[in-house]
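Chemist: I'd like to ask you about the structure that follows.
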Amino acid sequence: MNSDLYSLIQQLPKVDLHVHLDGSIKPETVLDLANQQGMDLPAITSSGLLPYLQVTDNCKGLNDYLSKFQLGASLLQTEAALERVAFETIEQASEHNCRYIEVRFGPQLHRQRGLGLEQVIQAVINGLQKGEKAFGIKAQAIVCCLRHQPASVNLKVVEAAAMFLGKGVAAVDLAGDEAGFPAFLFRKVFALAEKKGLPITIHAGEAAGPENIREAVSRLGAGRIGHGISLKQDPVLLQEICTNKIPLEMCPISNIQTKAADSWQEYPIREYFEQGLTVTVNTDNLTVSNTDLTKEYMMLAEKLDFTITEIVQLIRNGVEAAFLDMAEKNLLKHQFVNLPSPQR
Ligand SMILES: O=c1[nH]cnc2c1ncn2[C@H]1C[C@H](O)[C@@H](CO)O1
Ligand SMILES: [Zn+2]
């Protein structure tokens with residue numbers, strides 16, 4: 001590895017628009033929480049826990065990837081645990097000079113011990129706000145609806161998210177098994193989100209074709225797309241997404257692991273970037289994917305020859321795509337004026 005390039009990339013100010021709370025629990029924290037909660041674990045060291053928390057190159061696809069969330073979720077059932085893991089997500093991001101982060105989670109997954117949706121959301125926001133103060137990073141939450149859950153649950157999740165809009169929650173999302181539950185099933189849920197004025201991002205084109213991306217932008221009100229890997233299969237849609245400047249939240253390391261793309265050579269990020277799409281680079285899951293922002297950009301440099309100037313443009317795209325109002329975005333932009341490249 002080129003260590004000069006690594007430290008240069010690490011030092012660049014960055015943003016992360018797509019990172020899941022429950023996929024980013026540090027293994028040491030899993031040990032600690034299990035100890036505090038009196039819960040048995042399948043291993044007693046953090047390295048021994050990795051096979052239960054992290055995918056390998058042999059990951060078979062998105063559903064295999066999603067199986068790595070079970071253990072962490074079982075420990076994220078108290079306000080204290082949620083707050084701690086939210087805080088530690090900001091801490092981990094700060095190690096890579098992240099200046100703005102949107103952390104997502106499905107509140108309905110954290111109710112096994114009786115917490116209400118609003119308690120879950122509030123606990124995460126509390127952790128994010130502590131992280132903001134401790135590390136000087138602006139942080140917001142994105143609330144995920146889950147594909148395998150009934151509309152009645154997802155509607156309640158949207159209602160709860162709306163109560164925190166502008167008070168820590170930036171948007172709502174749709175996550176989970178994309179191939180099993182196509183986007184059109186969620187029209188009612190996202191109609192409510194739109195009615196409530198919630199910005200919307202949707203995981204689409206990760207484990208299924210471009211029809212889910214089309215559905216997300218044309219029927220579900222998505223202002224951003226999570227991943228969007230299969231977009232290249234529909235050039236007309238690609239042009240529409242480009243013209244409408246709908247950002248793609250790409251997560252390169254996760255996308256290779258879930259087999260959204262078969263190899264780095266087939267990973268379409270350079271193609272999208274050169275066609276003028278608003279491509280952003282994010283981590284998806286720090287622990288499940290064993291990643292961080294520096295690694296993500298390093299892979300783009302090493303595997304796809306992204307230059308520093310191009311990396312800076314990707315970072316600027318992320319700032320542009322943030323779910324922030326104009327005034328907040330302008331404030332954030334101040335932190336990116338000195339990036340080492342000619343500004344566009
Ligand atoms: O990359 C992903 N695609 C679809 N769903 C995902 C991905 N990463 C995490 N999730 C799911 C699993 C989590 O439990 C849920 C909420 O964070 O979101
Ligand atoms: Zn995701």
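Each chain of the structure tokens is named A, B, ... in the order shown, its residues numbered from 1; ligands are numbered from 1 in display order.
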Within 10 Å of Ala322 of chain A, counting only C-alpha atoms, which residues show up once you throw out same-chain ones fewer than 6 positions away? Write them as a PyMOL selection string, please.
Modeler: chain A and resi 15-17+100-102+140+170+224+247+280+328-329+332
Chemist: Can you spit out the residues from that selection as a compact mmCIF listing (two decimals), in the first residue's frame, using N, CA and C atoms?
Modeler:
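Generated file (out.txt):
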# COMPACT_ATOMS: atom_id res chain seq x y z
N VAL A 15 -17.02 13.53 4.04
CA VAL A 15 -18.35 13.33 4.61
C VAL A 15 -18.75 11.87 4.40
N ASP A 16 -19.66 11.38 5.22
CA ASP A 16 -20.21 10.04 5.04
C ASP A 16 -21.73 10.16 5.11
N LEU A 17 -22.38 9.92 3.98
CA LEU A 17 -23.84 10.08 3.90
C LEU A 17 -24.58 8.77 4.06
N TYR A 100 -18.86 15.65 8.36
CA TYR A 100 -20.32 15.61 8.36
C TYR A 100 -20.75 14.18 8.11
N ILE A 101 -21.73 13.72 8.90
CA ILE A 101 -22.14 12.32 8.78
C ILE A 101 -23.65 12.18 8.96
N GLU A 102 -24.22 11.29 8.19
CA GLU A 102 -25.63 10.91 8.37
C GLU A 102 -25.65 9.43 8.72
N GLN A 140 -26.29 13.86 11.67
CA GLN A 140 -27.75 13.72 11.65
C GLN A 140 -28.10 12.24 11.51
N ALA A 170 -32.71 13.65 9.62
CA ALA A 170 -32.59 14.37 8.35
C ALA A 170 -33.49 13.80 7.28
N ARG A 224 -32.32 10.98 -3.18
CA ARG A 224 -31.00 10.34 -3.34
C ARG A 224 -31.24 8.84 -3.48
N PRO A 247 -28.26 12.46 -6.39
CA PRO A 247 -26.99 11.85 -5.99
C PRO A 247 -27.10 10.33 -5.75
N THR A 280 -21.38 9.97 -4.89
CA THR A 280 -20.76 10.20 -3.58
C THR A 280 -20.21 8.87 -3.07
N GLU A 328 -27.07 25.74 6.31
CA GLU A 328 -26.22 24.74 6.97
C GLU A 328 -25.17 24.20 5.98
N LYS A 329 -25.60 24.03 4.73
CA LYS A 329 -24.65 23.50 3.74
C LYS A 329 -23.54 24.51 3.48
N LEU A 332 -21.10 24.21 6.20
CA LEU A 332 -20.28 23.01 6.03
C LEU A 332 -19.22 23.23 4.94
Chemist: Show which residues sit within 6 Å of segment 287-302 of chain A, as a PyMOL selection string. Count only C-alpha atoms, and ignore same-chain residues fewer than 4 positions away.
Modeler: chain A and resi 9-10+23-24+53-55+254+283+306
Chemist: Can those selected residues be exported to a file as a PDB file, in the first residue's frame so that it contains C-alpha atoms?
Modeler:
ATOM      1  CA  ILE A   9      -6.469  10.740   1.789  1.00  0.00           C
ATOM      2  CA  GLN A  10      -6.908  10.275   5.523  1.00  0.00           C
ATOM      3  CA  GLY A  23     -23.375  -2.400  11.042  1.00  0.00           C
ATOM      4  CA  SER A  24     -20.765  -0.215  12.697  1.00  0.00           C
ATOM      5  CA  LEU A  53     -19.836  -9.470  12.715  1.00  0.00           C
ATOM      6  CA  GLN A  54     -17.985  -9.119   9.442  1.00  0.00           C
ATOM      7  CA  VAL A  55     -18.198 -10.511   5.919  1.00  0.00           C
ATOM      8  CA  SER A 254     -19.718  -3.068   0.485  1.00  0.00           C
ATOM      9  CA  THR A 283     -18.874   3.382   3.986  1.00  0.00           C
ATOM     10  CA  PHE A 306      -8.892   7.834  -9.182  1.00  0.00           C
TER      11      PHE A 306
END
Chemist: Please identify all polymer residues within 12 Å of Leu304 of chain A, counting only C-alpha atoms, omitting same-chain residues fewer than 3 positions from it, and present them as a PyMOL selection string.
Modeler: chain A and resi 252+263-271+273+296-301+307+310-311
Chemist: Point out the residue among A:Gly136, A:Gly168, A:Gly209, A:Gly106 with the least atom-to-atom distance to ligand 2, counting only C-alpha atoms and all ligand atoms.
Modeler: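 Ranking A:Gly136, A:Gly168, A:Gly209, A:Gly106 by distance to ligand 2, first place goes to A:Gly106.
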Chemist: Could you list the protein, DNA and RNA residues that have any atom within 9 Å of ligand 2, counting only C-alpha atoms and all ligand atoms, and write them as a PyMOL selection string?
Modeler: chain A and resi 18-20+104+174-176+203+226-227+249+251+254+283-285
Chemist: Pick out the residues sitting within 12 Å of Lys195 of chain A, and hand them over as a PyMOL selection string; count only C-alpha atoms, and ignore anything fewer than 3 positions along from it in its own chain.
Modeler: chain A and resi 155+158-159+162+188-192+198-200+220-221
Chemist: Which is closer to ligand 1 than all the others in A:Ser74, A:Thr45, A:Thr278, A:Ser3, using only C-alpha atoms and all ligand atoms?
Modeler: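 Selected residue with least distance to ligand 1: A:Ser74.
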Chemist: Run DSSP on the backbone and tell me which residues of segment 163-313 of chain A come out as strand (DSSP E or B); list them as a ChimeraX atom specification.
Modeler: /A:165,169-175,200-204,224-227,248-250,279-281,284
Chemist: Near segment 121-127 of chain A, counting only C-alpha atoms, which residues have an atom at most 12 Å away, once you skip same-chain residues fewer than 6 positions from it, shown as an MDAnalysis selection string?
Modeler: chainID A and resid 20:22 76:91 102:111 115 133:135 138:144 157:170
Chemist: For Asp234 of chain A, list every protein, DNA or RNA residue within 10 Å, evaluated using only C-alpha atoms, and leave out those in the same chain fewer than 5 positions away; present the list as a PyMOL selection string.
Modeler: chain A and resi 209-211+213-214+239
Chemist: Write to file, as a PDB file, in the first residue's frame, the residues of the selection just made, with N, CA and C atoms.
Modeler:
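Result file follows (out_36.pdb):
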ATOM      1  N   GLY A 209     -32.545  -4.909 -10.240  1.00  0.00           N
ATOM      2  CA  GLY A 209     -32.311  -4.103 -11.433  1.00  0.00           C
ATOM      3  C   GLY A 209     -32.731  -2.654 -11.299  1.00  0.00           C
ATOM      4  N   PRO A 210     -32.578  -1.909 -12.418  1.00  0.00           N
ATOM      5  CA  PRO A 210     -32.829  -0.468 -12.407  1.00  0.00           C
ATOM      6  C   PRO A 210     -34.293  -0.100 -12.196  1.00  0.00           C
ATOM      7  N   GLU A 211     -35.215  -1.095 -12.337  1.00  0.00           N
ATOM      8  CA  GLU A 211     -36.634  -0.764 -12.126  1.00  0.00           C
ATOM      9  C   GLU A 211     -36.880  -0.249 -10.709  1.00  0.00           C
ATOM     10  N   ILE A 213     -34.758   1.561  -9.040  1.00  0.00           N
ATOM     11  CA  ILE A 213     -34.249   2.946  -9.016  1.00  0.00           C
ATOM     12  C   ILE A 213     -35.307   3.865  -9.642  1.00  0.00           C
ATOM     13  N   ARG A 214     -35.872   3.393 -10.772  1.00  0.00           N
ATOM     14  CA  ARG A 214     -36.921   4.201 -11.425  1.00  0.00           C
ATOM     15  C   ARG A 214     -38.104   4.406 -10.479  1.00  0.00           C
ATOM     16  N   GLN A 239     -29.655   8.933 -17.685  1.00  0.00           N
ATOM     17  CA  GLN A 239     -29.653  10.325 -18.136  1.00  0.00           C
ATOM     18  C   GLN A 239     -30.590  11.181 -17.300  1.00  0.00           C
TER      19      GLN A 239
END
Chemist: Please measure the separation of atom 14 (O, counted along the ligand's line) of ligand 1 and atom CA of Ala179 of chain A, giving the value in Å to one decimal.
Modeler: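 Those two atoms sit 15.8 Å apart.
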Chemist: For ligand 1, which residue out of A:Gln11, A:Ser67, A:Gln275, A:Asn97 is the nearest one, using only C-alpha atoms and all ligand atoms?
Modeler: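 With only C-alpha atoms and all ligand atoms as the atom set, the closest residue is A:Ser67.
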Chemist: Taking the chain letters and numbering used in this document, name the residues of segment 90-228 of chain A that DSSP puts in alpha helix (DSSP H), as JSON, numbers by chain.
Modeler: {"A": [90, 91, 92, 93, 94, 117, 118, 119, 120, 121, 122, 123, 124, 125, 126, 127, 128, 129, 130, 131, 132, 133, 134, 135, 151, 152, 153, 154, 155, 156, 157, 158, 159, 160, 161, 162, 163, 187, 188, 189, 190, 191, 192, 193, 194, 195, 211, 212, 213, 214, 215, 216, 217, 218]}
Chemist: Go through A:Glu132, A:Asp57, A:Glu240, A:Asp173 and flag the residue nearest ligand 1, using only C-alpha atoms and all ligand atoms for the distances.
Modeler: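 Between A:Glu132, A:Asp57, A:Glu240, A:Asp173, the residue approaching ligand 1 most closely is A:Asp173.
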